[in-house]
Amino acid sequence: MTISGEAHAPSYYAATAKGFIDFPTLESDARADVCIIGGGYTGLSAALHLSERGYSVVLIDANKVGWGASGRNGGQLHSAQRREQSTLEKWFGKKQAHQLFDLGEEAKALVKGLISKHDIDCDWQEGLIHAIHKPRYLDDMAREIDLLQRDYGVNDVTTLSRDDIAAALGTNAYFGGWREQSAGHLHPLNYALGLARAAHFAGARIYENTPALSVSKAGLPRVETRNGIISADTVILAGNGYLHGIDDDTESRVMHLHNFILTTEPLGLRAEALIPQREAAADSRFVVYYWRLTKDNRLLFGGGETYGQAFPKDIKAFVRPHMLKLYPQLADVKIDYAWGGTLAVTMKRLPYLRRLRTGVYTACGYSGQGVGTASFAGKLLAEAIAGENERFDVFSKLPAPPFPGGRMFRTPTLALAMTWYALRDRL
Ligand SMILES: Cc1cc2nc3c(=O)[nH]c(=O)nc-3n(C[C@H](O)[C@H](O)[C@H](O)COP(=O)(O)OP(=O)(O)OC[C@H]3O[C@@H](n4cnc5c(N)ncnc54)[C@H](O)[C@@H]3O)c2cc1C
């Protein structure tokens with residue numbers, strides 16, 4: 001069942017959010033060229049790009065815009081795709097790997113472009129470090145950097161030795177890594193709210209506390225809500241990890257899982273000793289650790305996942321031991337906020353963009369790389385709806401096998417597989 005009518009999670013982001021607009025609830029039938037279900041980056045970016053192209057748009061969110069993963073994530077803007085270029089080359093060949101790389105880079109540029117075009121105040125900060133937690137991964141890293149520099153023209157990457165990374169991140173937990181200048185981090189909820197404002201001023205009609213209860217399976221798409229039916233030529237399913245009971249095909253190929261973040265109290269001058277250049281960082285664990293400083297000098301740290309329905313009762317206690325593995329020197333520091341969010345993954349960790357039937361699109365499954373990819377998916381959806389399919393189809397042709405286990409056993413099977421990989425992180 002879709003969660004509805006909820007306020008934002010009690011996060012650091014909600015506490016420092018700027019420029020909320022309270023959008024109304026849909027109270028009657030409505031008609032639009034395009035109806036978008038979900039007000040995260042996917043839906044908001046699609047609403048903005050479609051409105052700019054002259055389409056009439058209705059966007060509904062079951063809760064608030066930015067309520068989902070888009071308002072709760074680590075805020076890291078990564079390069080390219082979630083999978084390494086060497087893997088993409090092996091799977092799809094060089095040509096398609098290059099296309100995916102170029103589109104990933106465009107996604108990164110799109111986010112920066114949207115921030116600057118719409119004057120979105122979201123603490124954008126350049127610089128991202130990848131940290132290697134097992135010596136056995138160092139050779140793979142060197143080969144990947146070599147490939148990126150030689151074949152993909154990447155020139156903003158610096159390799160970091162064990163000493164370099166200790167100095168850059170204030171921890172001895174890593175054996176090496178690399179730094180990218182063009183990737184970076186932002187305040188994810190303020191970015192989402194900025195997109196919502198831009199879409200609103202471009203003409204999109206946005207409704208909150210308006211869950212889609214069903215979407216018609218044939219004929220012109222009709223979206224049923226509590227107080228009215230939305231008729232549209234096209235519907236976009238943009239509910240990502242929160243979309244339940246609307247489309248079986250999407251749910252069989254895109255699984256949700258929960259991930260958790262904390263922020264410390266402001267660290268003052270101690271912050272500078274941790275990450276002097278203020279980059280974001282993410283490590284090589286399968287259940288990745290990711291962290292950065294916030295604008296007001298807190299450590300924001302993400303680590304730990306659960307599969308299934310419930311969040312841990314005490315999220316601070318769940319995440320803190322992970323943080324202390326890297327930063328035992330922060331044992332005395334107070335944790336001010338801790339929260340969880342739900343993201344969506346595919347078997348291949350590549351996004352799931354599809355035209356499900358005439359007039360119905362789905363875009364989700366960004367596998368932890370949605371700040372750039374979901375924003376970009378919104379733009380590609382607008383292109384495809386306007387009949388420009390070429391770039392959308394680079395993604396829509398990517399394989400996305402269903403998760404094993406069928407409806408009943410998908411989640412337990414995923415939990416088992418993820419637990420195995422998480423165990424390997426420790427070996
Ligand atoms: C803890 C965490 C950390 C992450 N860190 C990063 C990171 O650092 N970098 C990165 O790139 N990515 C990260 N991600 C992933 C990223 O946040 C997501 O990929 C991205 O936000 C997905 O955006 P979206 O618009 O598709 O979905 P969401 O932002 O989840 O939005 C979906 C919206 O749909 C609405 N909805 C669902 N069902 C219905 C319905 N039936 N009717 C109406 N509305 C509905 C929900 O209320 C919700 O607001 C992280 C995710 C989590 C949870």
# chains A, B, ... in the order shown; residues from 1 in each chain; ligands from 1

$ residues_around --residues "Asn190 (chain A)" --least-positions-apart "6" --cutoff "7 Å" --atoms "only C-alpha atoms" --output "PyMOL selection string"
chain A and resi 17-18+121-122

$ closest_atom_pairs --of "region 160-201 of chain A" --to "region 319-330 of chain A" --cutoff "10 Å" --atoms "only C-alpha atoms" --output "tab-separated table"
residue	atom	partner	partner_atom	distance
A:Leu169	CA	A:Leu326	CA	9.4
A:Gly170	CA	A:Tyr327	CA	7.8
A:Thr171	CA	A:Leu326	CA	5.9
A:Asn172	CA	A:Leu326	CA	7.5
A:Ala173	CA	A:Leu326	CA	5.9
A:Tyr174	CA	A:Leu326	CA	8.9

$ write_last_selection --atoms "N, CA and C atoms" --output "CSV table (one decimal), in the first residue's frame"
chain,number,residue,atom,x,y,z
A,169,LEU,N,40.7,12.5,4.1
A,169,LEU,CA,39.5,12.1,4.8
A,169,LEU,C,39.6,12.0,6.3
A,170,GLY,N,40.7,12.2,6.8
A,170,GLY,CA,40.9,12.2,8.3
A,170,GLY,C,40.6,10.8,8.9
A,171,THR,N,40.9,9.7,8.1
A,171,THR,CA,40.8,8.4,8.6
A,171,THR,C,41.8,7.5,8.0
A,172,ASN,N,42.3,6.5,8.8
A,172,ASN,CA,43.3,5.5,8.3
A,172,ASN,C,42.6,4.3,7.7
A,173,ALA,N,41.3,4.3,7.5
A,173,ALA,CA,40.6,3.1,7.2
A,173,ALA,C,40.8,2.7,5.7
A,174,TYR,N,41.4,3.5,4.9
A,174,TYR,CA,41.4,3.2,3.4
A,174,TYR,C,42.9,3.0,2.9

$ closest_residue --among "A:Arg162, A:His8, A:His49, A:Arg222" --to "ligand 1" --atoms "only C-alpha atoms and all ligand atoms"
A:His8

$ residues_around --residues "region 371-385 of chain A" --least-positions-apart "2" --cutoff "6 Å" --atoms "only C-alpha atoms" --output "VMD selection string"
chain A and resid 41 to 42 45 to 46 49 to 50 77 107 to 108 369 387 to 389 392

$ residues_around --residues "region 242-254 of chain A" --least-positions-apart "2" --cutoff "8 Å" --atoms "only C-alpha atoms" --output "ChimeraX atom specification"
/A:1-3,68,213-215,238-240,256,342-347,352,362,364-365,400-403,406-407

$ write_last_selection --atoms "C-alpha atoms" --output "PDB file, in the first residue's frame"
ATOM      1  CA  MET A   1       0.000   0.000   0.000  1.00  0.00           C
ATOM      2  CA  THR A   2       1.236   3.501  -0.811  1.00  0.00           C
ATOM      3  CA  ILE A   3       2.217   5.598   2.195  1.00  0.00           C
ATOM      4  CA  GLY A  68      10.895  10.312  -0.854  1.00  0.00           C
ATOM      5  CA  LEU A 213      -4.716   4.528  -6.313  1.00  0.00           C
ATOM      6  CA  SER A 214      -4.610   2.899  -9.739  1.00  0.00           C
ATOM      7  CA  VAL A 215      -3.756   3.511 -13.374  1.00  0.00           C
ATOM      8  CA  ALA A 238       7.848   8.165 -10.974  1.00  0.00           C
ATOM      9  CA  GLY A 239       7.281   6.667  -7.527  1.00  0.00           C
ATOM     10  CA  ASN A 240      10.592   4.764  -7.505  1.00  0.00           C
ATOM     11  CA  HIS A 256      13.162  -1.331  -2.849  1.00  0.00           C
ATOM     12  CA  THR A 342      13.878   3.933   0.493  1.00  0.00           C
ATOM     13  CA  LEU A 343      15.671   3.557  -2.784  1.00  0.00           C
ATOM     14  CA  ALA A 344      15.167   1.223  -5.703  1.00  0.00           C
ATOM     15  CA  VAL A 345      17.653  -1.115  -7.335  1.00  0.00           C
ATOM     16  CA  THR A 346      17.661  -3.315 -10.413  1.00  0.00           C
ATOM     17  CA  MET A 347      19.494  -6.633 -10.806  1.00  0.00           C
ATOM     18  CA  TYR A 352      14.886   1.115 -15.428  1.00  0.00           C
ATOM     19  CA  THR A 362       8.065   4.238 -15.961  1.00  0.00           C
ATOM     20  CA  CYS A 364      13.104   4.292 -11.567  1.00  0.00           C
ATOM     21  CA  GLY A 365      15.728   1.892 -10.143  1.00  0.00           C
ATOM     22  CA  ALA A 400      16.421  -5.469 -16.517  1.00  0.00           C
ATOM     23  CA  PRO A 401      15.668  -9.054 -15.563  1.00  0.00           C
ATOM     24  CA  PRO A 402      13.009  -9.671 -12.913  1.00  0.00           C
ATOM     25  CA  PHE A 403      14.260 -10.414  -9.414  1.00  0.00           C
ATOM     26  CA  GLY A 406       8.145 -14.070  -7.588  1.00  0.00           C
ATOM     27  CA  ARG A 407       5.862 -11.721  -5.642  1.00  0.00           C
TER      28      ARG A 407
END

$ atom_distance --atom1 "atom 17 (O, counted along the ligand's line) of ligand 1" --atom2 "CA of Gly370 (chain A)"
5.2 Å

$ residues_around --residues "Gln81 (chain A)" --least-positions-apart "4" --cutoff "10 Å" --atoms "only C-alpha atoms" --output "PyMOL selection string"
chain A and resi 85+88+97+100-105+107+349-351+366-367+369-370+372-373

$ residues_around --residues "Leu193 (chain A)" --least-positions-apart "5" --cutoff "9 Å" --atoms "only C-alpha atoms" --output "list in words"
Ala17, Lys18, Gly19, Phe20, Ile21, Val65, Gly66, Gly71, Ile120, Pro188 and Ala198 of chain A

$ write_last_selection --atoms "C-alpha atoms" --output "PDB file, in the first residue's frame"
ATOM      1  CA  ALA A  17      14.958  23.259   4.176  1.00  0.00           C
ATOM      2  CA  LYS A  18      14.404  26.499   2.302  1.00  0.00           C
ATOM      3  CA  GLY A  19      11.453  27.683   0.270  1.00  0.00           C
ATOM      4  CA  PHE A  20       8.732  25.120   0.900  1.00  0.00           C
ATOM      5  CA  ILE A  21       5.633  25.659  -1.177  1.00  0.00           C
ATOM      6  CA  VAL A  65       7.305  16.922  -3.055  1.00  0.00           C
ATOM      7  CA  GLY A  66      10.791  15.741  -2.095  1.00  0.00           C
ATOM      8  CA  GLY A  71      14.639  14.649   0.030  1.00  0.00           C
ATOM      9  CA  ILE A 120      18.549  26.807  -6.518  1.00  0.00           C
ATOM     10  CA  PRO A 188      19.167  17.088  -1.730  1.00  0.00           C
ATOM     11  CA  ALA A 198      10.893  25.809 -11.177  1.00  0.00           C
TER      12      ALA A 198
END

$ select_by_dssp --residues "region 109-287 of chain A" --states "alpha helix (DSSP H)" --output "PyMOL selection string"
chain A and resi 109-117+138-151+162-169+188-201+248-253+270-274

$ closest_residue --among "A:Leu267, A:Ala363, A:Ile315, A:Ala109" --to "ligand 1" --atoms "only C-alpha atoms and all ligand atoms"
A:Ala363

$ select_by_dssp --residues "region 105-314 of chain A" --states "strand (DSSP E)" --output "NGL selection string"
:A and (125-132 or 157-160 or 176-185 or 205-207 or 214-215 or 222-224 or 229-237 or 255-264 or 280-283 or 290-293 or 299-306)

$ closest_residue --among "A:Ser116, A:Thr234, A:Ser79, A:Asn155" --to "ligand 1" --atoms "only C-alpha atoms and all ligand atoms"
A:Ser79

$ closest_residue --among "A:Glu106, A:Glu224, A:Asp233, A:Asp22" --to "ligand 1" --atoms "only C-alpha atoms and all ligand atoms"
A:Glu224

$ decode --residues "region 41-194 of chain A" --atoms "C-alpha atoms" --output "PDB file, in the first residue's frame"
ATOM      1  CA  TYR A  41      13.725  14.254  -8.946  1.00  0.00           C
ATOM      2  CA  THR A  42      12.284  12.025 -11.719  1.00  0.00           C
ATOM      3  CA  GLY A  43       8.801  13.485 -11.563  1.00  0.00           C
ATOM      4  CA  LEU A  44       9.812  17.085 -10.869  1.00  0.00           C
ATOM      5  CA  SER A  45      12.404  17.158 -13.628  1.00  0.00           C
ATOM      6  CA  ALA A  46       9.915  15.597 -16.070  1.00  0.00           C
ATOM      7  CA  ALA A  47       7.301  18.183 -14.989  1.00  0.00           C
ATOM      8  CA  LEU A  48       9.754  21.027 -15.519  1.00  0.00           C
ATOM      9  CA  HIS A  49      11.037  19.846 -18.893  1.00  0.00           C
ATOM     10  CA  LEU A  50       7.554  18.996 -20.195  1.00  0.00           C
ATOM     11  CA  SER A  51       6.122  22.333 -19.044  1.00  0.00           C
ATOM     12  CA  GLU A  52       8.988  24.153 -20.734  1.00  0.00           C
ATOM     13  CA  ARG A  53       8.055  22.309 -23.930  1.00  0.00           C
ATOM     14  CA  GLY A  54       4.457  23.563 -23.648  1.00  0.00           C
ATOM     15  CA  TYR A  55       2.730  20.417 -22.323  1.00  0.00           C
ATOM     16  CA  SER A  56       0.048  20.765 -19.676  1.00  0.00           C
ATOM     17  CA  VAL A  57       1.223  18.757 -16.675  1.00  0.00           C
ATOM     18  CA  VAL A  58      -0.399  17.508 -13.485  1.00  0.00           C
ATOM     19  CA  LEU A  59       2.017  16.041 -10.934  1.00  0.00           C
ATOM     20  CA  ILE A  60       0.667  14.270  -7.863  1.00  0.00           C
ATOM     21  CA  ASP A  61       2.573  13.114  -4.817  1.00  0.00           C
ATOM     22  CA  ALA A  62       1.082  10.904  -2.132  1.00  0.00           C
ATOM     23  CA  ASN A  63       2.963  12.962   0.478  1.00  0.00           C
ATOM     24  CA  LYS A  64       5.001  16.140  -0.132  1.00  0.00           C
ATOM     25  CA  VAL A  65       7.305  16.922  -3.055  1.00  0.00           C
ATOM     26  CA  GLY A  66      10.791  15.741  -2.095  1.00  0.00           C
ATOM     27  CA  TRP A  67       9.324  13.481   0.607  1.00  0.00           C
ATOM     28  CA  GLY A  68      10.895  10.312  -0.854  1.00  0.00           C
ATOM     29  CA  ALA A  69      14.522   9.434  -1.509  1.00  0.00           C
ATOM     30  CA  SER A  70      15.034  12.792  -3.239  1.00  0.00           C
ATOM     31  CA  GLY A  71      14.639  14.649   0.030  1.00  0.00           C
ATOM     32  CA  ARG A  72      16.609  12.207   2.185  1.00  0.00           C
ATOM     33  CA  ASN A  73      19.678  11.011   0.272  1.00  0.00           C
ATOM     34  CA  GLY A  74      23.423  11.486   0.711  1.00  0.00           C
ATOM     35  CA  GLY A  75      23.411  14.393  -1.732  1.00  0.00           C
ATOM     36  CA  GLN A  76      26.317  12.970  -3.732  1.00  0.00           C
ATOM     37  CA  LEU A  77      26.385  13.755  -7.432  1.00  0.00           C
ATOM     38  CA  HIS A  78      28.396  11.024  -9.162  1.00  0.00           C
ATOM     39  CA  SER A  79      29.864  10.737 -12.640  1.00  0.00           C
ATOM     40  CA  ALA A  80      28.816   8.398 -15.451  1.00  0.00           C
ATOM     41  CA  GLN A  81      26.746   5.334 -14.456  1.00  0.00           C
ATOM     42  CA  ARG A  82      26.491   3.230 -11.308  1.00  0.00           C
ATOM     43  CA  ARG A  83      28.507   0.422 -12.971  1.00  0.00           C
ATOM     44  CA  GLU A  84      32.149   0.861 -14.007  1.00  0.00           C
ATOM     45  CA  GLN A  85      32.893   1.533 -17.665  1.00  0.00           C
ATOM     46  CA  SER A  86      34.927  -1.695 -17.859  1.00  0.00           C
ATOM     47  CA  THR A  87      31.817  -3.662 -16.808  1.00  0.00           C
ATOM     48  CA  LEU A  88      29.610  -1.782 -19.271  1.00  0.00           C
ATOM     49  CA  GLU A  89      32.099  -2.490 -22.073  1.00  0.00           C
ATOM     50  CA  LYS A  90      32.085  -6.182 -21.175  1.00  0.00           C
ATOM     51  CA  TRP A  91      28.285  -6.345 -21.131  1.00  0.00           C
ATOM     52  CA  PHE A  92      27.373  -4.103 -24.061  1.00  0.00           C
ATOM     53  CA  GLY A  93      30.506  -3.375 -26.103  1.00  0.00           C
ATOM     54  CA  LYS A  94      32.480  -0.165 -26.419  1.00  0.00           C
ATOM     55  CA  LYS A  95      29.955   1.855 -28.430  1.00  0.00           C
ATOM     56  CA  GLN A  96      27.096   1.490 -25.978  1.00  0.00           C
ATOM     57  CA  ALA A  97      29.423   1.892 -23.002  1.00  0.00           C
ATOM     58  CA  HIS A  98      30.540   5.221 -24.472  1.00  0.00           C
ATOM     59  CA  GLN A  99      26.921   6.307 -25.024  1.00  0.00           C
ATOM     60  CA  LEU A 100      26.093   5.487 -21.405  1.00  0.00           C
ATOM     61  CA  PHE A 101      29.174   7.328 -20.179  1.00  0.00           C
ATOM     62  CA  ASP A 102      28.295  10.429 -22.219  1.00  0.00           C
ATOM     63  CA  LEU A 103      24.708  10.410 -20.958  1.00  0.00           C
ATOM     64  CA  GLY A 104      25.941   9.989 -17.377  1.00  0.00           C
ATOM     65  CA  GLU A 105      28.211  12.963 -17.782  1.00  0.00           C
ATOM     66  CA  GLU A 106      25.333  14.944 -19.259  1.00  0.00           C
ATOM     67  CA  ALA A 107      23.244  14.032 -16.222  1.00  0.00           C
ATOM     68  CA  LYS A 108      25.899  15.517 -13.947  1.00  0.00           C
ATOM     69  CA  ALA A 109      26.063  18.664 -16.077  1.00  0.00           C
ATOM     70  CA  LEU A 110      22.248  18.880 -16.115  1.00  0.00           C
ATOM     71  CA  VAL A 111      22.061  19.039 -12.316  1.00  0.00           C
ATOM     72  CA  LYS A 112      24.637  21.825 -12.167  1.00  0.00           C
ATOM     73  CA  GLY A 113      22.870  23.597 -15.029  1.00  0.00           C
ATOM     74  CA  LEU A 114      19.467  23.389 -13.313  1.00  0.00           C
ATOM     75  CA  ILE A 115      20.929  24.710 -10.056  1.00  0.00           C
ATOM     76  CA  SER A 116      22.386  27.686 -11.824  1.00  0.00           C
ATOM     77  CA  LYS A 117      19.505  28.352 -14.269  1.00  0.00           C
ATOM     78  CA  HIS A 118      16.850  28.249 -11.542  1.00  0.00           C
ATOM     79  CA  ASP A 119      19.049  29.766  -8.880  1.00  0.00           C
ATOM     80  CA  ILE A 120      18.549  26.807  -6.518  1.00  0.00           C
ATOM     81  CA  ASP A 121      20.154  27.464  -3.147  1.00  0.00           C
ATOM     82  CA  CYS A 122      21.333  23.922  -2.284  1.00  0.00           C
ATOM     83  CA  ASP A 123      24.955  24.188  -1.059  1.00  0.00           C
ATOM     84  CA  TRP A 124      26.536  22.758  -4.236  1.00  0.00           C
ATOM     85  CA  GLN A 125      30.171  21.813  -3.553  1.00  0.00           C
ATOM     86  CA  GLU A 126      32.567  20.265  -6.085  1.00  0.00           C
ATOM     87  CA  GLY A 127      34.860  17.300  -5.323  1.00  0.00           C
ATOM     88  CA  LEU A 128      34.213  13.625  -4.615  1.00  0.00           C
ATOM     89  CA  ILE A 129      36.575  10.933  -3.314  1.00  0.00           C
ATOM     90  CA  HIS A 130      36.242   7.193  -3.900  1.00  0.00           C
ATOM     91  CA  ALA A 131      37.905   5.270  -1.080  1.00  0.00           C
ATOM     92  CA  ILE A 132      39.158   1.692  -1.401  1.00  0.00           C
ATOM     93  CA  HIS A 133      38.617  -0.436   1.712  1.00  0.00           C
ATOM     94  CA  LYS A 134      40.406  -3.649   0.582  1.00  0.00           C
ATOM     95  CA  PRO A 135      43.941  -3.786  -0.907  1.00  0.00           C
ATOM     96  CA  ARG A 136      42.694  -6.385  -3.417  1.00  0.00           C
ATOM     97  CA  TYR A 137      40.582  -3.696  -5.144  1.00  0.00           C
ATOM     98  CA  LEU A 138      43.529  -1.357  -5.832  1.00  0.00           C
ATOM     99  CA  ASP A 139      44.567  -2.983  -9.114  1.00  0.00           C
ATOM    100  CA  ASP A 140      41.009  -2.822 -10.470  1.00  0.00           C
ATOM    101  CA  MET A 141      40.893   0.827  -9.490  1.00  0.00           C
ATOM    102  CA  ALA A 142      44.143   1.605 -11.312  1.00  0.00           C
ATOM    103  CA  ARG A 143      42.881  -0.177 -14.454  1.00  0.00           C
ATOM    104  CA  GLU A 144      39.568   1.699 -14.337  1.00  0.00           C
ATOM    105  CA  ILE A 145      41.256   5.096 -13.960  1.00  0.00           C
ATOM    106  CA  ASP A 146      43.583   4.238 -16.820  1.00  0.00           C
ATOM    107  CA  LEU A 147      40.598   3.308 -19.023  1.00  0.00           C
ATOM    108  CA  LEU A 148      38.755   6.513 -18.134  1.00  0.00           C
ATOM    109  CA  GLN A 149      41.770   8.693 -18.882  1.00  0.00           C
ATOM    110  CA  ARG A 150      42.820   6.872 -22.043  1.00  0.00           C
ATOM    111  CA  ASP A 151      39.479   6.123 -23.747  1.00  0.00           C
ATOM    112  CA  TYR A 152      36.934   8.476 -22.189  1.00  0.00           C
ATOM    113  CA  GLY A 153      38.916  11.697 -22.021  1.00  0.00           C
ATOM    114  CA  VAL A 154      38.496  12.025 -18.252  1.00  0.00           C
ATOM    115  CA  ASN A 155      41.002  14.587 -17.025  1.00  0.00           C
ATOM    116  CA  ASP A 156      39.765  15.620 -13.598  1.00  0.00           C
ATOM    117  CA  VAL A 157      40.743  12.469 -11.719  1.00  0.00           C
ATOM    118  CA  THR A 158      43.655  12.241  -9.284  1.00  0.00           C
ATOM    119  CA  THR A 159      44.843   8.939  -7.822  1.00  0.00           C
ATOM    120  CA  LEU A 160      45.265   9.013  -4.039  1.00  0.00           C
ATOM    121  CA  SER A 161      47.819   6.932  -2.141  1.00  0.00           C
ATOM    122  CA  ARG A 162      47.138   5.518   1.309  1.00  0.00           C
ATOM    123  CA  ASP A 163      48.713   8.614   2.894  1.00  0.00           C
ATOM    124  CA  ASP A 164      46.888  11.014   0.552  1.00  0.00           C
ATOM    125  CA  ILE A 165      43.516   9.524   1.383  1.00  0.00           C
ATOM    126  CA  ALA A 166      44.214   9.546   5.113  1.00  0.00           C
ATOM    127  CA  ALA A 167      45.031  13.266   4.845  1.00  0.00           C
ATOM    128  CA  ALA A 168      41.997  13.979   2.639  1.00  0.00           C
ATOM    129  CA  LEU A 169      39.468  12.105   4.773  1.00  0.00           C
ATOM    130  CA  GLY A 170      40.875  12.155   8.300  1.00  0.00           C
ATOM    131  CA  THR A 171      40.766   8.360   8.644  1.00  0.00           C
ATOM    132  CA  ASN A 172      43.300   5.538   8.272  1.00  0.00           C
ATOM    133  CA  ALA A 173      40.619   3.094   7.160  1.00  0.00           C
ATOM    134  CA  TYR A 174      41.450   3.177   3.438  1.00  0.00           C
ATOM    135  CA  PHE A 175      44.232   1.810   1.250  1.00  0.00           C
ATOM    136  CA  GLY A 176      43.963   4.322  -1.561  1.00  0.00           C
ATOM    137  CA  GLY A 177      41.384   5.913  -3.829  1.00  0.00           C
ATOM    138  CA  TRP A 178      40.749   8.639  -6.322  1.00  0.00           C
ATOM    139  CA  ARG A 179      39.379  12.137  -6.393  1.00  0.00           C
ATOM    140  CA  GLU A 180      37.131  13.684  -9.024  1.00  0.00           C
ATOM    141  CA  GLN A 181      36.740  17.408  -9.288  1.00  0.00           C
ATOM    142  CA  SER A 182      33.561  17.551 -11.411  1.00  0.00           C
ATOM    143  CA  ALA A 183      31.451  15.338  -9.129  1.00  0.00           C
ATOM    144  CA  GLY A 184      30.380  16.677  -5.738  1.00  0.00           C
ATOM    145  CA  HIS A 185      27.534  17.128  -3.298  1.00  0.00           C
ATOM    146  CA  LEU A 186      24.474  19.192  -2.499  1.00  0.00           C
ATOM    147  CA  HIS A 187      21.541  19.580  -0.089  1.00  0.00           C
ATOM    148  CA  PRO A 188      19.167  17.088  -1.730  1.00  0.00           C
ATOM    149  CA  LEU A 189      15.877  18.356  -0.310  1.00  0.00           C
ATOM    150  CA  ASN A 190      16.631  21.964  -1.188  1.00  0.00           C
ATOM    151  CA  TYR A 191      17.544  20.827  -4.694  1.00  0.00           C
ATOM    152  CA  ALA A 192      14.189  18.970  -4.939  1.00  0.00           C
ATOM    153  CA  LEU A 193      12.274  21.983  -3.600  1.00  0.00           C
ATOM    154  CA  GLY A 194      14.089  24.174  -6.137  1.00  0.00           C
TER     155      GLY A 194
END
